[in-house]
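S.K.: You'll find my_file.txt just under this line, and it carries compact mmCIF, N, CA and C atoms and all ligand atoms.
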```txt
# COMPACT_ATOMS: atom_id res chain seq x y z
N MET A 1 -67.20 -19.33 -49.66
CA MET A 1 -66.59 -18.05 -49.26
C MET A 1 -66.07 -18.13 -47.82
N GLY A 2 -66.84 -18.84 -46.97
CA GLY A 2 -66.44 -18.99 -45.57
C GLY A 2 -65.14 -19.74 -45.45
N THR A 3 -64.98 -20.83 -46.21
CA THR A 3 -63.75 -21.60 -46.14
C THR A 3 -62.56 -20.78 -46.64
N TYR A 4 -62.79 -19.95 -47.64
CA TYR A 4 -61.71 -19.12 -48.19
C TYR A 4 -61.17 -18.17 -47.12
N LEU A 5 -62.13 -17.55 -46.36
CA LEU A 5 -61.71 -16.64 -45.28
C LEU A 5 -60.96 -17.38 -44.19
N GLN A 6 -61.45 -18.62 -43.92
CA GLN A 6 -60.79 -19.42 -42.88
C GLN A 6 -59.34 -19.71 -43.28
N ILE A 7 -59.15 -20.11 -44.52
CA ILE A 7 -57.79 -20.41 -45.01
C ILE A 7 -56.92 -19.15 -44.93
N LEU A 8 -57.51 -18.01 -45.31
CA LEU A 8 -56.78 -16.75 -45.26
C LEU A 8 -56.34 -16.43 -43.84
N ALA A 9 -57.27 -16.68 -42.88
CA ALA A 9 -56.95 -16.42 -41.47
C ALA A 9 -55.81 -17.32 -41.02
N PHE A 10 -55.87 -18.61 -41.42
CA PHE A 10 -54.80 -19.54 -41.03
C PHE A 10 -53.46 -19.09 -41.62
N VAL A 11 -53.51 -18.66 -42.88
CA VAL A 11 -52.27 -18.22 -43.54
C VAL A 11 -51.70 -17.00 -42.80
N LEU A 12 -52.60 -16.07 -42.45
CA LEU A 12 -52.14 -14.86 -41.74
C LEU A 12 -51.53 -15.22 -40.39
N ILE A 13 -52.22 -16.17 -39.69
CA ILE A 13 -51.68 -16.59 -38.38
C ILE A 13 -50.33 -17.25 -38.56
N GLY A 14 -50.24 -18.10 -39.61
CA GLY A 14 -48.98 -18.78 -39.89
C GLY A 14 -47.87 -17.78 -40.17
N VAL A 15 -48.16 -16.78 -41.00
CA VAL A 15 -47.15 -15.76 -41.32
C VAL A 15 -46.75 -15.01 -40.06
N ALA A 16 -47.76 -14.68 -39.24
CA ALA A 16 -47.48 -13.96 -37.99
C ALA A 16 -46.59 -14.78 -37.08
N LEU A 17 -46.87 -16.10 -36.99
CA LEU A 17 -46.05 -16.97 -36.14
C LEU A 17 -44.62 -17.06 -36.68
N LEU A 18 -44.52 -17.17 -38.03
CA LEU A 18 -43.19 -17.23 -38.64
C LEU A 18 -42.41 -15.96 -38.32
N TRP A 19 -43.09 -14.82 -38.47
CA TRP A 19 -42.43 -13.54 -38.21
C TRP A 19 -42.00 -13.44 -36.75
N PHE A 20 -42.91 -13.94 -35.88
CA PHE A 20 -42.61 -13.88 -34.45
C PHE A 20 -41.39 -14.74 -34.12
N GLY A 21 -41.41 -15.97 -34.72
CA GLY A 21 -40.27 -16.86 -34.48
C GLY A 21 -38.99 -16.29 -35.05
N TYR A 22 -39.11 -15.65 -36.23
CA TYR A 22 -37.91 -15.08 -36.85
C TYR A 22 -37.31 -13.99 -35.97
N THR A 23 -38.19 -13.09 -35.51
CA THR A 23 -37.66 -11.99 -34.70
C THR A 23 -37.11 -12.49 -33.37
N LEU A 24 -37.72 -13.57 -32.85
CA LEU A 24 -37.29 -14.06 -31.53
C LEU A 24 -35.95 -14.77 -31.61
N PHE A 25 -35.74 -15.56 -32.68
CA PHE A 25 -34.55 -16.41 -32.70
C PHE A 25 -33.44 -15.86 -33.59
N ILE A 26 -33.81 -15.15 -34.65
CA ILE A 26 -32.79 -14.70 -35.60
C ILE A 26 -32.72 -13.17 -35.66
N GLY A 27 -33.88 -12.55 -35.51
CA GLY A 27 -33.97 -11.12 -35.75
C GLY A 27 -33.43 -10.28 -34.61
N PRO A 28 -33.84 -9.04 -34.56
CA PRO A 28 -33.28 -8.11 -33.57
C PRO A 28 -33.55 -8.51 -32.12
N LEU A 29 -34.65 -9.26 -31.88
CA LEU A 29 -34.94 -9.63 -30.50
C LEU A 29 -34.00 -10.71 -29.99
N ALA A 30 -33.36 -11.44 -30.94
CA ALA A 30 -32.44 -12.50 -30.51
C ALA A 30 -31.30 -11.93 -29.69
N GLY A 31 -30.89 -10.69 -30.00
CA GLY A 31 -29.84 -10.04 -29.24
C GLY A 31 -30.23 -9.87 -27.79
N ILE A 32 -31.50 -9.51 -27.56
CA ILE A 32 -31.98 -9.33 -26.20
C ILE A 32 -31.95 -10.65 -25.47
N ARG A 33 -32.37 -11.74 -26.17
CA ARG A 33 -32.34 -13.06 -25.53
C ARG A 33 -30.92 -13.42 -25.11
N ARG A 34 -29.95 -13.10 -25.97
CA ARG A 34 -28.56 -13.43 -25.67
C ARG A 34 -28.10 -12.66 -24.42
N VAL A 35 -28.51 -11.40 -24.32
CA VAL A 35 -28.13 -10.60 -23.15
C VAL A 35 -28.74 -11.20 -21.90
N TRP A 36 -29.99 -11.67 -22.02
CA TRP A 36 -30.63 -12.28 -20.86
C TRP A 36 -29.88 -13.52 -20.40
N ARG A 37 -29.42 -14.30 -21.39
CA ARG A 37 -28.77 -15.57 -21.04
C ARG A 37 -27.42 -15.37 -20.39
N GLN A 38 -26.73 -14.29 -20.77
CA GLN A 38 -25.39 -14.08 -20.24
C GLN A 38 -25.46 -13.70 -18.77
N ARG A 39 -24.87 -14.52 -17.95
CA ARG A 39 -24.79 -14.18 -16.53
C ARG A 39 -23.52 -13.39 -16.29
N PRO A 40 -23.59 -12.38 -15.46
CA PRO A 40 -22.38 -11.60 -15.20
C PRO A 40 -21.32 -12.45 -14.52
N LYS A 41 -20.13 -12.47 -15.13
CA LYS A 41 -19.04 -13.25 -14.57
C LYS A 41 -18.21 -12.36 -13.64
N PRO A 42 -17.70 -12.90 -12.55
CA PRO A 42 -16.82 -12.09 -11.71
C PRO A 42 -15.52 -11.78 -12.45
N PRO A 43 -15.05 -10.58 -12.37
CA PRO A 43 -13.85 -10.22 -13.11
C PRO A 43 -12.63 -10.96 -12.59
N ARG A 44 -11.75 -11.34 -13.54
CA ARG A 44 -10.53 -12.06 -13.17
C ARG A 44 -9.65 -11.16 -12.31
N LYS A 45 -9.51 -9.94 -12.79
CA LYS A 45 -8.61 -9.01 -12.10
C LYS A 45 -9.45 -7.87 -11.57
N GLY A 46 -10.04 -8.05 -10.42
CA GLY A 46 -10.85 -6.99 -9.85
C GLY A 46 -10.09 -6.26 -8.77
N THR A 47 -10.84 -5.57 -7.98
CA THR A 47 -10.23 -4.83 -6.88
C THR A 47 -10.73 -5.42 -5.58
N GLY A 48 -9.83 -5.69 -4.70
CA GLY A 48 -10.20 -6.21 -3.39
C GLY A 48 -9.81 -5.23 -2.31
N PHE A 49 -9.88 -5.68 -1.09
CA PHE A 49 -9.49 -4.85 0.03
C PHE A 49 -8.09 -5.22 0.46
N PRO A 50 -7.23 -4.24 0.73
CA PRO A 50 -5.90 -4.56 1.21
C PRO A 50 -5.99 -5.36 2.51
N GLY A 51 -5.27 -6.45 2.55
CA GLY A 51 -5.35 -7.32 3.71
C GLY A 51 -6.07 -8.61 3.41
N ASP A 52 -6.90 -8.62 2.36
CA ASP A 52 -7.53 -9.86 1.95
C ASP A 52 -6.47 -10.80 1.39
N PRO A 53 -6.71 -12.09 1.47
CA PRO A 53 -5.78 -13.00 0.83
C PRO A 53 -5.74 -12.78 -0.67
N GLN A 54 -4.55 -12.81 -1.22
CA GLN A 54 -4.32 -12.63 -2.65
C GLN A 54 -4.79 -11.28 -3.16
N VAL A 55 -4.67 -10.28 -2.34
CA VAL A 55 -4.90 -8.91 -2.78
C VAL A 55 -3.61 -8.14 -2.54
N CYS A 56 -3.13 -7.45 -3.56
CA CYS A 56 -1.91 -6.68 -3.42
C CYS A 56 -2.14 -5.55 -2.43
N PRO A 57 -1.32 -5.43 -1.40
CA PRO A 57 -1.56 -4.37 -0.41
C PRO A 57 -1.23 -2.98 -0.93
N VAL A 58 -0.51 -2.91 -2.05
CA VAL A 58 -0.12 -1.60 -2.58
C VAL A 58 -1.21 -1.03 -3.48
N CYS A 59 -1.76 -1.85 -4.38
CA CYS A 59 -2.71 -1.30 -5.36
C CYS A 59 -4.09 -1.95 -5.26
N SER A 60 -4.30 -2.87 -4.31
CA SER A 60 -5.58 -3.54 -4.09
C SER A 60 -6.03 -4.39 -5.26
N ALA A 61 -5.11 -4.78 -6.13
CA ALA A 61 -5.49 -5.65 -7.24
C ALA A 61 -5.69 -7.06 -6.72
N ARG A 62 -6.78 -7.68 -7.17
CA ARG A 62 -6.99 -9.08 -6.83
C ARG A 62 -6.10 -9.91 -7.75
N LEU A 63 -5.30 -10.77 -7.19
CA LEU A 63 -4.25 -11.42 -7.95
C LEU A 63 -4.56 -12.88 -8.19
N ASP A 64 -4.10 -13.36 -9.36
CA ASP A 64 -4.11 -14.80 -9.62
C ASP A 64 -3.02 -15.43 -8.78
N LYS A 65 -3.14 -16.75 -8.64
CA LYS A 65 -2.15 -17.46 -7.83
C LYS A 65 -0.74 -17.33 -8.38
N LYS A 66 -0.63 -17.22 -9.71
CA LYS A 66 0.71 -17.20 -10.31
C LYS A 66 1.39 -15.84 -10.13
N TYR A 67 0.58 -14.79 -9.88
CA TYR A 67 1.17 -13.47 -9.67
C TYR A 67 1.33 -13.23 -8.18
N LEU A 68 2.54 -13.28 -7.73
CA LEU A 68 2.77 -13.07 -6.31
C LEU A 68 3.20 -11.63 -6.07
N VAL A 69 2.91 -11.16 -4.88
CA VAL A 69 3.37 -9.84 -4.49
C VAL A 69 4.87 -9.92 -4.22
N LYS A 70 5.61 -9.01 -4.84
CA LYS A 70 7.06 -9.02 -4.67
C LYS A 70 7.41 -8.43 -3.31
N SER A 71 8.02 -9.25 -2.49
CA SER A 71 8.32 -8.79 -1.13
C SER A 71 9.62 -9.41 -0.65
N LEU A 72 10.13 -8.83 0.40
CA LEU A 72 11.39 -9.26 0.98
C LEU A 72 11.16 -9.46 2.47
N ALA A 73 11.40 -10.66 2.95
CA ALA A 73 11.19 -10.94 4.38
C ALA A 73 12.53 -11.07 5.07
N PHE A 74 12.66 -10.42 6.20
CA PHE A 74 13.91 -10.46 6.95
C PHE A 74 13.80 -11.50 8.06
N PRO A 75 14.92 -12.10 8.41
CA PRO A 75 14.87 -13.03 9.55
C PRO A 75 14.48 -12.29 10.82
N SER A 76 13.77 -12.97 11.65
CA SER A 76 13.26 -12.35 12.87
C SER A 76 14.40 -11.92 13.78
N LEU A 77 14.34 -10.69 14.24
CA LEU A 77 15.38 -10.17 15.14
C LEU A 77 15.13 -10.62 16.57
N THR A 78 13.87 -10.79 16.91
CA THR A 78 13.54 -11.13 18.28
C THR A 78 13.51 -12.63 18.49
N GLY A 79 13.63 -13.39 17.43
CA GLY A 79 13.55 -14.83 17.55
C GLY A 79 12.13 -15.35 17.66
N GLY A 80 11.18 -14.46 17.49
CA GLY A 80 9.77 -14.86 17.58
C GLY A 80 9.23 -15.29 16.23
N LYS A 81 7.95 -15.31 16.15
CA LYS A 81 7.29 -15.78 14.95
C LYS A 81 7.07 -14.66 13.93
N ASP A 82 7.27 -13.42 14.33
CA ASP A 82 7.01 -12.33 13.40
C ASP A 82 8.29 -11.86 12.75
N ARG A 83 8.21 -11.55 11.47
CA ARG A 83 9.36 -11.10 10.71
C ARG A 83 9.01 -9.79 10.02
N LEU A 84 10.02 -8.96 9.87
CA LEU A 84 9.82 -7.70 9.15
C LEU A 84 9.83 -8.00 7.65
N MET A 85 9.02 -7.23 6.92
CA MET A 85 8.84 -7.52 5.51
C MET A 85 8.80 -6.21 4.74
N HIS A 86 9.45 -6.19 3.60
CA HIS A 86 9.34 -5.06 2.69
C HIS A 86 8.56 -5.51 1.47
N ILE A 87 7.49 -4.81 1.16
CA ILE A 87 6.64 -5.19 0.04
C ILE A 87 6.82 -4.17 -1.08
N ARG A 88 7.18 -4.66 -2.23
CA ARG A 88 7.37 -3.76 -3.37
C ARG A 88 6.10 -3.61 -4.20
N GLY A 89 5.32 -4.64 -4.29
CA GLY A 89 4.09 -4.55 -5.07
C GLY A 89 3.91 -5.77 -5.94
N CYS A 90 2.91 -5.72 -6.81
CA CYS A 90 2.60 -6.84 -7.69
C CYS A 90 2.91 -6.46 -9.13
N VAL A 91 2.61 -7.37 -10.04
CA VAL A 91 2.93 -7.12 -11.45
C VAL A 91 2.18 -5.92 -12.00
N TYR A 92 0.99 -5.64 -11.44
CA TYR A 92 0.18 -4.56 -12.00
C TYR A 92 0.68 -3.18 -11.58
N CYS A 93 1.07 -3.06 -10.29
CA CYS A 93 1.45 -1.72 -9.84
C CYS A 93 2.96 -1.49 -9.97
N MET A 94 3.74 -2.55 -10.22
CA MET A 94 5.16 -2.33 -10.40
C MET A 94 5.49 -1.84 -11.80
N ASN A 95 4.62 -2.10 -12.77
CA ASN A 95 4.86 -1.54 -14.10
C ASN A 95 4.06 -0.26 -14.31
N GLY A 96 3.40 0.23 -13.25
CA GLY A 96 2.74 1.52 -13.33
C GLY A 96 1.35 1.50 -13.89
N SER A 97 0.75 0.31 -14.08
CA SER A 97 -0.59 0.28 -14.67
C SER A 97 -1.68 0.48 -13.62
N ARG A 98 -1.32 0.40 -12.34
CA ARG A 98 -2.29 0.69 -11.28
C ARG A 98 -1.67 1.66 -10.29
N PRO A 99 -2.46 2.53 -9.70
CA PRO A 99 -1.90 3.48 -8.74
C PRO A 99 -1.43 2.77 -7.47
N ARG A 100 -0.27 3.21 -6.98
CA ARG A 100 0.31 2.64 -5.76
C ARG A 100 -0.04 3.54 -4.59
N VAL A 101 -0.79 3.00 -3.65
CA VAL A 101 -1.26 3.79 -2.52
C VAL A 101 -0.91 3.05 -1.23
N CYS A 102 -0.42 3.80 -0.25
CA CYS A 102 -0.14 3.22 1.06
C CYS A 102 -1.47 3.00 1.79
N PRO A 103 -1.77 1.77 2.25
CA PRO A 103 -3.05 1.55 2.94
C PRO A 103 -3.09 2.17 4.32
N VAL A 104 -1.96 2.61 4.83
CA VAL A 104 -1.94 3.20 6.18
C VAL A 104 -2.14 4.71 6.13
N CYS A 105 -1.29 5.41 5.34
CA CYS A 105 -1.38 6.86 5.34
C CYS A 105 -2.10 7.40 4.11
N GLY A 106 -2.32 6.56 3.10
CA GLY A 106 -3.05 6.99 1.91
C GLY A 106 -2.22 7.76 0.92
N ALA A 107 -0.89 7.84 1.14
CA ALA A 107 -0.03 8.58 0.22
C ALA A 107 0.15 7.81 -1.08
N HIS A 108 0.25 8.57 -2.17
CA HIS A 108 0.56 7.93 -3.45
C HIS A 108 2.05 7.65 -3.50
N LEU A 109 2.37 6.42 -3.82
CA LEU A 109 3.75 5.97 -3.73
C LEU A 109 4.40 5.96 -5.11
N GLY A 110 5.70 6.26 -5.11
CA GLY A 110 6.46 6.17 -6.34
C GLY A 110 6.88 4.73 -6.59
N GLU A 111 7.60 4.53 -7.71
CA GLU A 111 7.97 3.16 -8.06
C GLU A 111 8.98 2.57 -7.09
N ASP A 112 9.79 3.42 -6.45
CA ASP A 112 10.80 2.89 -5.53
C ASP A 112 10.36 2.94 -4.07
N ASP A 113 9.12 3.36 -3.84
CA ASP A 113 8.60 3.32 -2.48
C ASP A 113 8.16 1.91 -2.13
N ILE A 114 8.26 1.57 -0.88
CA ILE A 114 7.90 0.22 -0.44
C ILE A 114 6.95 0.30 0.74
N LEU A 115 6.30 -0.80 1.01
CA LEU A 115 5.50 -0.92 2.23
C LEU A 115 6.28 -1.74 3.25
N VAL A 116 6.16 -1.36 4.50
CA VAL A 116 6.78 -2.11 5.57
C VAL A 116 5.67 -2.90 6.26
N ALA A 117 5.91 -4.18 6.43
CA ALA A 117 4.88 -5.02 7.03
C ALA A 117 5.51 -5.98 8.02
N ARG A 118 4.68 -6.50 8.86
CA ARG A 118 5.12 -7.50 9.81
C ARG A 118 4.41 -8.79 9.44
N MET A 119 5.19 -9.85 9.27
CA MET A 119 4.61 -11.12 8.87
C MET A 119 4.62 -12.08 10.04
N PHE A 120 3.46 -12.60 10.34
CA PHE A 120 3.34 -13.57 11.42
C PHE A 120 3.21 -14.95 10.81
N GLU A 121 4.19 -15.79 11.08
CA GLU A 121 4.13 -17.15 10.55
C GLU A 121 3.33 -18.01 11.50
N ARG A 122 2.29 -18.62 10.95
CA ARG A 122 1.42 -19.44 11.78
C ARG A 122 1.51 -20.88 11.29
N PRO A 123 1.77 -21.81 12.19
CA PRO A 123 1.88 -23.20 11.74
C PRO A 123 0.56 -23.72 11.18
N HIS A 124 0.65 -24.42 10.06
CA HIS A 124 -0.48 -25.05 9.38
C HIS A 124 -1.49 -24.04 8.86
N ARG A 125 -1.14 -22.77 8.87
CA ARG A 125 -2.08 -21.78 8.35
C ARG A 125 -1.32 -20.78 7.50
N ARG A 126 -2.06 -20.02 6.73
CA ARG A 126 -1.48 -19.00 5.88
C ARG A 126 -0.85 -17.91 6.76
N SER A 127 0.34 -17.47 6.36
CA SER A 127 1.00 -16.42 7.12
C SER A 127 0.16 -15.14 7.10
N HIS A 128 0.12 -14.48 8.21
CA HIS A 128 -0.64 -13.24 8.31
C HIS A 128 0.31 -12.07 8.13
N VAL A 129 -0.06 -11.16 7.23
CA VAL A 129 0.79 -9.99 6.96
C VAL A 129 0.05 -8.75 7.42
N HIS A 130 0.70 -8.00 8.28
CA HIS A 130 0.11 -6.76 8.79
C HIS A 130 0.94 -5.59 8.29
N VAL A 131 0.35 -4.75 7.46
CA VAL A 131 1.08 -3.63 6.88
C VAL A 131 1.20 -2.52 7.93
N LEU A 132 2.43 -2.11 8.20
CA LEU A 132 2.66 -1.06 9.20
C LEU A 132 2.66 0.33 8.59
N GLY A 133 3.09 0.42 7.35
CA GLY A 133 3.15 1.73 6.70
C GLY A 133 4.02 1.65 5.47
N CYS A 134 4.30 2.82 4.89
CA CYS A 134 5.11 2.84 3.68
C CYS A 134 6.45 3.51 3.99
N SER A 135 7.28 3.61 2.97
CA SER A 135 8.58 4.23 3.17
C SER A 135 8.46 5.73 3.43
N ARG A 136 7.27 6.28 3.25
CA ARG A 136 7.07 7.71 3.53
C ARG A 136 6.58 7.93 4.96
N CYS A 137 5.58 7.15 5.37
CA CYS A 137 5.04 7.38 6.72
C CYS A 137 5.84 6.60 7.77
N LYS A 138 6.59 5.58 7.36
CA LYS A 138 7.40 4.86 8.33
C LYS A 138 8.85 5.35 8.34
N LYS A 139 9.18 6.21 7.37
CA LYS A 139 10.53 6.79 7.31
C LYS A 139 11.62 5.71 7.28
N VAL A 140 11.45 4.77 6.39
CA VAL A 140 12.49 3.77 6.21
C VAL A 140 13.15 4.01 4.85
N GLY A 141 14.31 3.44 4.71
CA GLY A 141 15.07 3.65 3.48
C GLY A 141 14.39 3.04 2.27
N LYS A 142 14.56 3.69 1.13
CA LYS A 142 13.97 3.17 -0.10
C LYS A 142 14.86 2.04 -0.63
N LEU A 143 14.22 1.15 -1.33
CA LEU A 143 14.98 0.09 -1.99
C LEU A 143 15.58 0.66 -3.27
N LYS A 144 16.77 0.21 -3.55
CA LYS A 144 17.39 0.68 -4.81
C LYS A 144 16.87 -0.14 -5.98
ZN ZN A 201 -0.11 -4.15 -6.71
ZN ZN A 202 2.25 5.40 4.31
```
In structure tokens, how does this file's structure come out?
M.R.:
Amino acid sequence: MGTYLQILAFVLIGVALLWFGYTLFIGPLAGIRRVWRQRPKPPRKGTGFPGDPQVCPVCSARLDKKYLVKSLAFPSLTGGKDRLMHIRGCVYCMNGSRPRVCPVCGAHLGEDDILVARMFERPHRRSHVHVLGCSRCKKVGKLK
């Protein structure tokens, strides 16, 4: 009788282990394990701060290298290293999928509004762009 109970106990433990393994690897708990394993990835297209490298100054979208901010640089009038620049925006805010905001005055910009910036060309380094304002707060002509 004692051996019979022992076998029964082993069988019960075995079934319990099987059930535990089933729930852990295949059953509902497996979903929790998968969530634990997934590490949060940084978003491809997040939001950055205007002025950061590869951040659109109009809509603050963090941009891939292939998406450049559409801008127009004028030859320097003073003959110095700084050039005037008109920034139209990036692929995200030029098709209206992101709000266009002037980082200087905070005004919401229309599709034909532009930002005026000063670009400082620095040898052997990335050009520095300083946004002066938009076509509303700087009172410059809109681009057609
Ligand atoms: Zn943009
Ligand atoms: Zn402005």
S.K.: Go ahead and compute the interatomic distance for CA of Arg83 (chain A) and atom ZN of ligand ZN 201 (chain A), in Å to one decimal.
M.R.: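 Interatomic distance, CA of Arg83 (chain A) to atom ZN of ligand ZN 201 (chain A): 21.0 Å.
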S.K.: Within 12 Å of ligand ZN 201 (chain A) (counting only C-alpha atoms and all ligand atoms), which residues show up? I'd like them as a short mmCIF file (atom, residue, chain, number, x, y, z; two decimals) with N, CA and C atoms, in the coordinates of the input.
M.R.:
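Output contents, as saved in out-v5.cif:
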```
data_model
loop_
_atom_site.label_atom_id
_atom_site.label_comp_id
_atom_site.auth_asym_id
_atom_site.auth_seq_id
_atom_site.Cartn_x
_atom_site.Cartn_y
_atom_site.Cartn_z
N LYS A 45 -9.51 -9.94 -12.79
CA LYS A 45 -8.61 -9.01 -12.10
C LYS A 45 -9.45 -7.87 -11.57
N GLY A 46 -10.04 -8.05 -10.42
CA GLY A 46 -10.85 -6.99 -9.85
C GLY A 46 -10.09 -6.26 -8.77
N THR A 47 -10.84 -5.57 -7.98
CA THR A 47 -10.23 -4.83 -6.88
C THR A 47 -10.73 -5.42 -5.58
N GLY A 48 -9.83 -5.69 -4.70
CA GLY A 48 -10.20 -6.21 -3.39
C GLY A 48 -9.81 -5.23 -2.31
N PHE A 49 -9.88 -5.68 -1.09
CA PHE A 49 -9.49 -4.85 0.03
C PHE A 49 -8.09 -5.22 0.46
N PRO A 50 -7.23 -4.24 0.73
CA PRO A 50 -5.90 -4.56 1.21
C PRO A 50 -5.99 -5.36 2.51
N GLN A 54 -4.55 -12.81 -1.22
CA GLN A 54 -4.32 -12.63 -2.65
C GLN A 54 -4.79 -11.28 -3.16
N VAL A 55 -4.67 -10.28 -2.34
CA VAL A 55 -4.90 -8.91 -2.78
C VAL A 55 -3.61 -8.14 -2.54
N CYS A 56 -3.13 -7.45 -3.56
CA CYS A 56 -1.91 -6.68 -3.42
C CYS A 56 -2.14 -5.55 -2.43
N PRO A 57 -1.32 -5.43 -1.40
CA PRO A 57 -1.56 -4.37 -0.41
C PRO A 57 -1.23 -2.98 -0.93
N VAL A 58 -0.51 -2.91 -2.05
CA VAL A 58 -0.12 -1.60 -2.58
C VAL A 58 -1.21 -1.03 -3.48
N CYS A 59 -1.76 -1.85 -4.38
CA CYS A 59 -2.71 -1.30 -5.36
C CYS A 59 -4.09 -1.95 -5.26
N SER A 60 -4.30 -2.87 -4.31
CA SER A 60 -5.58 -3.54 -4.09
C SER A 60 -6.03 -4.39 -5.26
N ALA A 61 -5.11 -4.78 -6.13
CA ALA A 61 -5.49 -5.65 -7.24
C ALA A 61 -5.69 -7.06 -6.72
N ARG A 62 -6.78 -7.68 -7.17
CA ARG A 62 -6.99 -9.08 -6.83
C ARG A 62 -6.10 -9.91 -7.75
N LEU A 63 -5.30 -10.77 -7.19
CA LEU A 63 -4.25 -11.42 -7.95
C LEU A 63 -4.56 -12.88 -8.19
N ASP A 64 -4.10 -13.36 -9.36
CA ASP A 64 -4.11 -14.80 -9.62
C ASP A 64 -3.02 -15.43 -8.78
N TYR A 67 0.58 -14.79 -9.88
CA TYR A 67 1.17 -13.47 -9.67
C TYR A 67 1.33 -13.23 -8.18
N LEU A 68 2.54 -13.28 -7.73
CA LEU A 68 2.77 -13.07 -6.31
C LEU A 68 3.20 -11.63 -6.07
N VAL A 69 2.91 -11.16 -4.88
CA VAL A 69 3.37 -9.84 -4.49
C VAL A 69 4.87 -9.92 -4.22
N LYS A 70 5.61 -9.01 -4.84
CA LYS A 70 7.06 -9.02 -4.67
C LYS A 70 7.41 -8.43 -3.31
N SER A 71 8.02 -9.25 -2.49
CA SER A 71 8.32 -8.79 -1.13
C SER A 71 9.62 -9.41 -0.65
N ILE A 87 7.49 -4.81 1.16
CA ILE A 87 6.64 -5.19 0.04
C ILE A 87 6.82 -4.17 -1.08
N ARG A 88 7.18 -4.66 -2.23
CA ARG A 88 7.37 -3.76 -3.37
C ARG A 88 6.10 -3.61 -4.20
N GLY A 89 5.32 -4.64 -4.29
CA GLY A 89 4.09 -4.55 -5.07
C GLY A 89 3.91 -5.77 -5.94
N CYS A 90 2.91 -5.72 -6.81
CA CYS A 90 2.60 -6.84 -7.69
C CYS A 90 2.91 -6.46 -9.13
N VAL A 91 2.61 -7.37 -10.04
CA VAL A 91 2.93 -7.12 -11.45
C VAL A 91 2.18 -5.92 -12.00
N TYR A 92 0.99 -5.64 -11.44
CA TYR A 92 0.18 -4.56 -12.00
C TYR A 92 0.68 -3.18 -11.58
N CYS A 93 1.07 -3.06 -10.29
CA CYS A 93 1.45 -1.72 -9.84
C CYS A 93 2.96 -1.49 -9.97
N MET A 94 3.74 -2.55 -10.22
CA MET A 94 5.16 -2.33 -10.40
C MET A 94 5.49 -1.84 -11.80
N ASN A 95 4.62 -2.10 -12.77
CA ASN A 95 4.86 -1.54 -14.10
C ASN A 95 4.06 -0.26 -14.31
N GLY A 96 3.40 0.23 -13.25
CA GLY A 96 2.74 1.52 -13.33
C GLY A 96 1.35 1.50 -13.89
N SER A 97 0.75 0.31 -14.08
CA SER A 97 -0.59 0.28 -14.67
C SER A 97 -1.68 0.48 -13.62
N ARG A 98 -1.32 0.40 -12.34
CA ARG A 98 -2.29 0.69 -11.28
C ARG A 98 -1.67 1.66 -10.29
N PRO A 99 -2.46 2.53 -9.70
CA PRO A 99 -1.90 3.48 -8.74
C PRO A 99 -1.43 2.77 -7.47
N ARG A 100 -0.27 3.21 -6.98
CA ARG A 100 0.31 2.64 -5.76
C ARG A 100 -0.04 3.54 -4.59
N VAL A 101 -0.79 3.00 -3.65
CA VAL A 101 -1.26 3.79 -2.52
C VAL A 101 -0.91 3.05 -1.23
N CYS A 102 -0.42 3.80 -0.25
CA CYS A 102 -0.14 3.22 1.06
C CYS A 102 -1.47 3.00 1.79
N PRO A 103 -1.77 1.77 2.25
CA PRO A 103 -3.05 1.55 2.94
C PRO A 103 -3.09 2.17 4.32
N LEU A 109 2.37 6.42 -3.82
CA LEU A 109 3.75 5.97 -3.73
C LEU A 109 4.40 5.96 -5.11
N GLU A 111 7.60 4.53 -7.71
CA GLU A 111 7.97 3.16 -8.06
C GLU A 111 8.98 2.57 -7.09
N ILE A 114 8.26 1.57 -0.88
CA ILE A 114 7.90 0.22 -0.44
C ILE A 114 6.95 0.30 0.74
N LEU A 115 6.30 -0.80 1.01
CA LEU A 115 5.50 -0.92 2.23
C LEU A 115 6.28 -1.74 3.25
#
```
S.K.: So, counting only N, CA and C atoms, which residue among A:Arg122, A:Leu84, A:Cys134, A:Gly2 is closest to Gly106 (chain A)?
M.R.: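 So, comparing all the options, the nearest one is A:Cys134.
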S.K.: CA of Ala107 (chain A) to atom C of His130 (chain A): how many Å, to one decimal?
M.R.: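 Computed distance, CA of Ala107 (chain A) to atom C of His130 (chain A), equals 16.3 Å.
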S.K.: DSSP on the backbone: what in chain A comes out helix (DSSP H, G or I), as an MDAnalysis selection string?
M.R.: chainID A and resid 2:25 28:37 91:94
S.K.: With only N, CA and C atoms as the counted atoms, please give the residues lying no more than 6 Å from Val129 (chain A), apart from itself and same-chain residues fewer than 2 positions off, as a list in words.
M.R.: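 Here the qualifying residues turn out to be Arg118, Met119, Phe120, Ser127 and Val131 of chain A.
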S.K.: Measure the distance from CA of Val104 (chain A) to CA of Gly133 (chain A) in Å and round it to one decimal.
M.R.: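 It comes out at 5.3 Å.
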S.K.: Go through A:Arg125, A:Ala117, A:Cys105, A:Trp19 and flag the residue nearest ligand ZN 202 (chain A), using only N, CA and C atoms and all ligand atoms for the distances.
M.R.: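 Ranking A:Arg125, A:Ala117, A:Cys105, A:Trp19 by distance to ligand ZN 202 (chain A), first place goes to A:Cys105.
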S.K.: Find the residue from A:His124, A:Lys138, A:His86, A:Lys81 that sits nearest to ligand ZN 202 (chain A); use only N, CA and C atoms and all ligand atoms when measuring.
M.R.: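 That would be A:Lys138, the residue with the smallest distance to ligand ZN 202 (chain A).
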S.K.: Pick the closest to ligand ZN 202 (chain A) from A:His128, A:Leu18, A:Val116, A:Glu121: which is it, counting all atoms listed in the file?
M.R.: A:Val116
S.K.: Choose the residue, out of A:Ile26, A:His108, A:Val11, A:Pro123, that has the smallest atom-to-atom separation from ligand ZN 202 (chain A); count all atoms listed in the file.
M.R.: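 Distance minimum relative to ligand ZN 202 (chain A) lands on A:His108.
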S.K.: With only C-alpha atoms and all ligand atoms as the basis for distance, which of A:Gly79, A:Arg126, A:Pro53, A:Asp113 is at the shortest distance from ligand ZN 202 (chain A)?
M.R.: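 Using only C-alpha atoms and all ligand atoms, the shortest distance to ligand ZN 202 (chain A) belongs to A:Asp113.
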